[in-house]
Amino acid sequence: MTSQKISFPRQHARTMRFTLGAPRAFTVSPDGERVIFLRSGSGTDRTGRLWVLDLSAGGTPKERVVADPETLLGGSAERLSAQERARRERSREGSSGIVGYAVDAAAELAAFALSGKVYVAELRAGTARALPVPGPVIDPRPSPDGRRIAYVSKGALRVVGAEGDGDRALAEPEGANISYGLAEFIAAEEMQRSRGFWWSPESDRLLVARVDDSPVQRWWIADPAHPDRRPAEVAYPAAGTPNAEVRLFVMGLDGSRTEVVWDRARHPYLAQVHWSSAGAPLLLVQARDQQSQLFLAVDTETGTTRTVHVDEDPVWLEIFPGVPAWAPDGRLVRIADEGGARVLAVGDRLLTGAQLQLQAVLDIGESDVLVSASAGEDAAAPEIGESHVYRVNELGVERVSEGAGVHSAVRAGDVTVLVSHSLERPGARADVLRDGKRIATVASHAEEPVLSARVHLTEGGARRIPCAVLLPEGYKESDGPLPVLMDPYGGPHGRRVLAAHNPHLTSQWFADQGFAVVVADGRGAPGRSPGWEKAVKNNLVLTVDDQIEALHALAGRFPLDLGKVAIRGWSFGGYLAALAVLRRPDVFHAAVVGAPVTDQRLYDTHYTERYLGDPAKQPEVYAHNSVLTDEGLSEAADQVRPMMIIHGLADDNVVVAHSLRLSSALLSAGRPHEVLPLSGVTHMTPQEQVAENLLLLQVDFLKRSLGLRG
C-alpha cells in the first residue's frame with residue numbers, strides 16, 4: 001500500500017498520472033469468449049503484461065496472464081531502438097514491457113514487440129514465445145487467419161510464419177531515408193494514424209505505406225548536459241516546408257507489387273486506411289490545406305482508385321477515429337460536419353443531429369453503429385465535460401453508458417467493454433457487458449491518489465464557456481477571495497474540462513496551495529460544435545479572450561481575487577500562458593510557460609497549416625499568432641509581468657528553440673524571467689525524481705510573483 005506520507009507530486013509522477021495498474025487496450029474476441037487487455041502489476045509498476053479475461057459460458061469470468069515480460073526476458077533489461085522510442089513519444093507512451101499488441105481475426109493469436117523482438121502468444125493456451133527474426137522489430141501484426149506475422153525491421157516490411165518459419169522481406173528500403181510499413185512523423189503526431197501496413201481480409205496481401213523523408217528538412221536535437229553525445233537528427237516538417245513523400249502499395253505474399261494511384265499532388269496526406277471483408281480497401285486522403293478530402297476505394301489488382309465520397313470545408317476538415325469504414329452491407333460510414341453539427345452518416349443518411357457532437361466510431365455492427373459523443377448545441381442539457389457511448393441506427397439513438405462522466409467502449413458481437421470515468425471516484429471502471437448486462441469488471445491495480453479533486457463544473461460568460469473551478473480543501477466563505485490560477489490547455493484537440501476525477505488532481509493540488517484554480521475550455525477546444533472548434537481559424541489568439549471572459553464571469557460566483565491572477569500551461573497551454581501575460585498584463589499578473597510554441601513557423605505542417613494556412617502566403621497571420629517573430633516579441637504590451645519558462649531539452653515535438661528564442665527576446669526587451677531547462681526530458685511528463693520539485697518551484701514562483709506570503 002502507498003504510504004500517506006508520499007507527496008502528491010511524487011505519487012503523480014511515480015504512478016504515471018495514476019495510469020499504472022489500470023487495464024487498457026481492450027480487445028473482445030468475436031466469439032465473445034475472451035477480453036484481451038494490457039495491465040501492469042501495481043500502481044507503480046511500469047511493466048505492461050498481456051492478460052486475458054475468460055468469459056466462457058457457464059463459468060465465472062477469470063483473469064490470467066498470457067505474457068509477462070519479466071519471464072520472457074529472463075530478468076534482462078528491456079532494450080528499445082531509436083525508432084521504437086520515437087513511436088512511443090508520438091503516442092505519449094511512457095510505460096515499458098508490452099505497450100501494444102495486435103490480434104488475428106478470431107483473437108486467438110496475439111503478436112507484440114518486446115525489447116526489439118517479435119513475440120506471439122496463443123491466447124487460449126496462455127503460452128508466449130519469441131520468433132527468430134532479425135531486429136529490432138516494430139509493430140508486429142498477425143494476418144487475419146493467424147498463420148503469419150508482418151512486422152517492420154530497419155525500414156523493411158517483413159513477413160514470418162507464426163511458427164517462426166519462412167521469414168522474408170516483402171519490401172526493403174532503397175535508401176537511408178526510405179521506410180516501408182511505418183507512419184511518418186505527422187501521421188503519428190497529428191493524424192491519429194500510428195501504423196503503416198494493413199493485412200487483407202484473405203491474409204494473402206498487404207497494403208504498405210512507403211515513406212521517403214528525404215525532402216524533409218533536418219533539425220538536430222542536442223543534449224547540452226552531455227556534450228560527448230552526438231545530436232539526434234530529426235526530420236521535422238515545419239509549417240510551409242516540404243513533407244515526407246508517402247506512397248501506398250499492394251504487396252502480395254507471392255512477391256507481386258502494385259502501386260495504389262491517386263492524385264497525390266492534390267491530396268498528399270494519407271490520413272486513414274480501412275480494409276475489411278465488407279468492401280475494397282478504403283482510403284481517406286487530404287489536401288495539404290485540409291479543406292478537401294477524398295474517400296477512395298482501391299482496386300487491388302490494378303492499383304486504381306475510385307472516389308466514393310468527397311468532403312469540402314472552407315475552414316478545415318477533421319479526422320476521426322474509427323472512420324471511414326464500410327458497414328457490413330457495404331455502405332460508407334463516416335463522421336461529417338453538416339448544418340453546423342457533427343453527425344454520423346451511413347451511406348446517404350445522416351443518423352444523428354445537433355443533439356450530439358460525434359467524437360468517434362467505436363464499432364460497426366450488423367444492425368447498429370456504436371459511437372462516442374458529447375452533448376451538441378441542441379442537447380436538452382449541456383452535460384459539461386461529459387462523453388457518452390451510444391448505439392445508433394435508422395430507428396434512433398440509444399445511450400449505452402449511465403451516469404455523468406467520460407465513457408468509452410470496445411465491442412465485438414454481444415460483448416462490450418465499457419470504460420467509465422466519473423467525478424465521484426478516482427480512476428476508471430471497466431465493466432464487461434453481454435447484451436447490455438454486466439457480467440464482469442476488469443480489476444484495476446491503480447493507486448488511490450493521496451488527495452481528492454473537488455470540482456465545480458459550470459459555464460462562464462455569454463459564450464457559455466465550459467469551466468471547472470477548484471478551491472482549497474477546507475475553504476470557507478469567511479476566508480475571503482483567493483488568488484487565481486488559470487490552468488488551461490485551451491486549444492484544439494485538448495479538452496480539459498472533463499466530468500472525471502483524475503484529470504483535475506494536479507489542479508486540486510495547486511488549489512490546496514492557496515489558489516482558486518479555474519480551468520476553461522474556450523473556442524477551439526473539442527466537444528461542443530464544429531463552429532466552436534473552427535472559430536480559431538487564423539486567430540488562435542482569441543483563446544486568450546475566452547480565458548478572460550470565463551475568469552470575469554466566474555468572479556461573481558466564486559471567491560476570485562482579480563488583482564492576483566496567474567496562468568500556467570503546457571504545450572498549447574504554455575503558448576496561451578505566454579500570450580496572456582505579454583498581451584493582456586492588465587488581467588494576468590504572472591505565468592508559468594511550459595513547452596510553448598512561440599513561433600508558429602517552427603511547428604509542424606499538418607497542425608499549424610490547418611489553423612493558420614501557408615506562412616509564405618499569410619506571414620501577417622503567423623506574426624499575429626506567434627509570441628515572437630524575427631524582430632522580437634510580437635504585439636507585446638508595455639507592462640511587464642514575471643514569467644517562468646520550462647522546457648525539456650530532448651523535446652522533438654515542440655523543440656526547445658521555442659523557449660530559447662523566447663528567453664532571448666525577453667532579455668532583449670529588458671524583461672526579467674526565469675528559465676528551467678530539463679535535461680533529457682521530452683514533451684511528455686518529466687521523470688519522477690524531478691516532478692515533485694518542478695511543481696514546488698512553480699508554486700514558489702507564483703506566490704513570489706503575486707506577492708503572497710508563505
# chains A, B, ... in the order shown; residues from 1 in each chain; ligands from 1

$ select_by_dssp --residues "range 359-599 of chain A" --states "strand (DSSP E)" --output "ChimeraX atom specification"
/A:359-364,369-375,388-393,396-399,406-412,415-421,428-434,437-442,455-460,465-470,482-486,516-520,560-570,590-594

$ residues_around --residues "Asp604 in chain A" --least-positions-apart "2" --cutoff "12 Å" --atoms "only C-alpha atoms" --output "NGL selection string"
:A and (185-191 or 216-217 or 235-244 or 597 or 599-602 or 606-615 or 652-655)

$ write_last_selection --atoms "N, CA and C atoms" --output "CSV table (one decimal), in the first residue's frame"
chain,number,residue,atom,x,y,z
A,185,PHE,N,6.2,11.1,-39.4
A,185,PHE,CA,6.0,11.9,-38.2
A,185,PHE,C,4.7,12.5,-38.1
A,186,ILE,N,4.2,13.3,-39.1
A,186,ILE,CA,2.9,14.0,-38.9
A,186,ILE,C,1.7,13.1,-38.9
A,187,ALA,N,1.8,11.9,-39.5
A,187,ALA,CA,0.7,11.0,-39.5
A,187,ALA,C,0.5,10.5,-38.0
A,188,ALA,N,1.6,10.2,-37.4
A,188,ALA,CA,1.6,9.7,-36.0
A,188,ALA,C,1.3,10.8,-35.0
A,189,GLU,N,1.9,12.0,-35.2
A,189,GLU,CA,1.7,13.1,-34.3
A,189,GLU,C,0.4,13.8,-34.4
A,190,GLU,N,-0.1,13.9,-35.7
A,190,GLU,CA,-1.3,14.8,-35.9
A,190,GLU,C,-2.5,14.1,-36.5
A,191,MET,N,-2.3,13.0,-37.3
A,191,MET,CA,-3.4,12.4,-38.0
A,191,MET,C,-4.1,11.2,-37.3
A,216,VAL,N,12.3,16.3,-46.4
A,216,VAL,CA,12.0,17.0,-45.1
A,216,VAL,C,13.3,17.6,-44.6
A,217,GLN,N,13.2,18.8,-44.1
A,217,GLN,CA,14.4,19.5,-43.5
A,217,GLN,C,14.9,18.7,-42.3
A,235,ALA,N,14.0,14.5,-38.8
A,235,ALA,CA,13.3,15.0,-40.0
A,235,ALA,C,12.0,15.7,-39.6
A,236,TYR,N,12.1,17.1,-39.5
A,236,TYR,CA,10.9,17.8,-39.0
A,236,TYR,C,10.3,18.7,-40.0
A,237,PRO,N,9.1,18.4,-40.4
A,237,PRO,CA,8.4,19.2,-41.4
A,237,PRO,C,7.7,20.4,-40.8
A,238,ALA,N,8.4,21.5,-40.7
A,238,ALA,CA,7.8,22.7,-40.1
A,238,ALA,C,6.9,23.4,-41.1
A,239,ALA,N,6.0,24.2,-40.6
A,239,ALA,CA,5.0,24.9,-41.4
A,239,ALA,C,5.6,25.5,-42.6
A,240,GLY,N,5.0,25.2,-43.8
A,240,GLY,CA,5.5,25.8,-45.0
A,240,GLY,C,6.7,25.1,-45.7
A,241,THR,N,7.2,24.1,-45.1
A,241,THR,CA,8.3,23.3,-45.6
A,241,THR,C,7.9,22.0,-46.2
A,242,PRO,N,8.7,21.3,-47.0
A,242,PRO,CA,8.3,20.0,-47.6
A,242,PRO,C,7.9,18.9,-46.6
A,243,ASN,N,6.9,18.1,-46.9
A,243,ASN,CA,6.6,17.0,-46.1
A,243,ASN,C,7.3,15.7,-46.7
A,244,ALA,N,7.2,14.6,-46.0
A,244,ALA,CA,7.7,13.4,-46.5
A,244,ALA,C,6.8,13.0,-47.7
A,597,VAL,N,4.8,26.7,-27.9
A,597,VAL,CA,5.1,27.1,-29.3
A,597,VAL,C,5.1,28.6,-29.4
A,599,ASP,N,6.9,30.5,-31.9
A,599,ASP,CA,7.0,30.9,-33.3
A,599,ASP,C,6.3,29.9,-34.1
A,600,GLN,N,5.1,30.2,-34.6
A,600,GLN,CA,4.3,29.2,-35.3
A,600,GLN,C,5.0,28.6,-36.5
A,601,ARG,N,5.9,29.3,-37.1
A,601,ARG,CA,6.7,28.8,-38.2
A,601,ARG,C,7.5,27.6,-37.9
A,602,LEU,N,7.7,27.4,-36.6
A,602,LEU,CA,8.6,26.3,-36.1
A,602,LEU,C,7.8,25.0,-35.7
A,606,HIS,N,1.0,19.7,-40.7
A,606,HIS,CA,-0.4,19.3,-40.6
A,606,HIS,C,-1.1,20.1,-39.6
A,607,TYR,N,-0.5,20.3,-38.4
A,607,TYR,CA,-1.2,21.0,-37.3
A,607,TYR,C,-1.3,22.5,-37.7
A,608,THR,N,-0.2,23.1,-37.9
A,608,THR,CA,-0.1,24.6,-38.0
A,608,THR,C,-0.9,25.1,-39.2
A,609,GLU,N,-0.7,24.5,-40.4
A,609,GLU,CA,-1.3,25.0,-41.6
A,609,GLU,C,-2.8,24.8,-41.5
A,610,ARG,N,-3.3,23.8,-40.8
A,610,ARG,CA,-4.8,23.6,-40.6
A,610,ARG,C,-5.4,24.9,-40.0
A,611,TYR,N,-4.7,25.5,-39.1
A,611,TYR,CA,-5.3,26.7,-38.4
A,611,TYR,C,-4.8,28.0,-39.0
A,612,LEU,N,-3.6,28.1,-39.5
A,612,LEU,CA,-3.0,29.4,-39.9
A,612,LEU,C,-2.7,29.5,-41.4
A,613,GLY,N,-2.9,28.4,-42.2
A,613,GLY,CA,-2.6,28.4,-43.6
A,613,GLY,C,-1.1,28.4,-43.9
A,614,ASP,N,-0.7,28.8,-45.1
A,614,ASP,CA,0.6,28.8,-45.6
A,614,ASP,C,1.4,30.0,-45.1
A,615,PRO,N,2.5,29.9,-44.3
A,615,PRO,CA,3.2,31.0,-43.8
A,615,PRO,C,3.8,31.9,-44.9
A,652,ASP,N,11.3,16.7,-29.2
A,652,ASP,CA,11.4,16.7,-30.6
A,652,ASP,C,10.0,17.0,-31.3
A,653,ASN,N,9.1,17.4,-30.4
A,653,ASN,CA,7.7,17.8,-30.9
A,653,ASN,C,7.7,19.4,-30.9
A,654,VAL,N,7.7,19.9,-29.7
A,654,VAL,CA,7.9,21.4,-29.6
A,654,VAL,C,9.4,21.6,-29.2
A,655,VAL,N,10.2,21.8,-30.1
A,655,VAL,CA,11.7,21.9,-29.8
A,655,VAL,C,12.0,23.0,-28.9

$ closest_residue --among "A:Ser571, A:Thr458, A:Ser95, A:Gln359" --to "Gly491 in chain A" --atoms "only C-alpha atoms"
A:Ser571

$ atom_distance --atom1 "CA of Leu114 in chain A" --atom2 "CA of Pro69 in chain A"
7.5 Å

$ closest_residue --among "A:Ala341, A:Met643, A:Ala499, A:Val681" --to "Ile567 in chain A" --atoms "only C-alpha atoms"
A:Met643
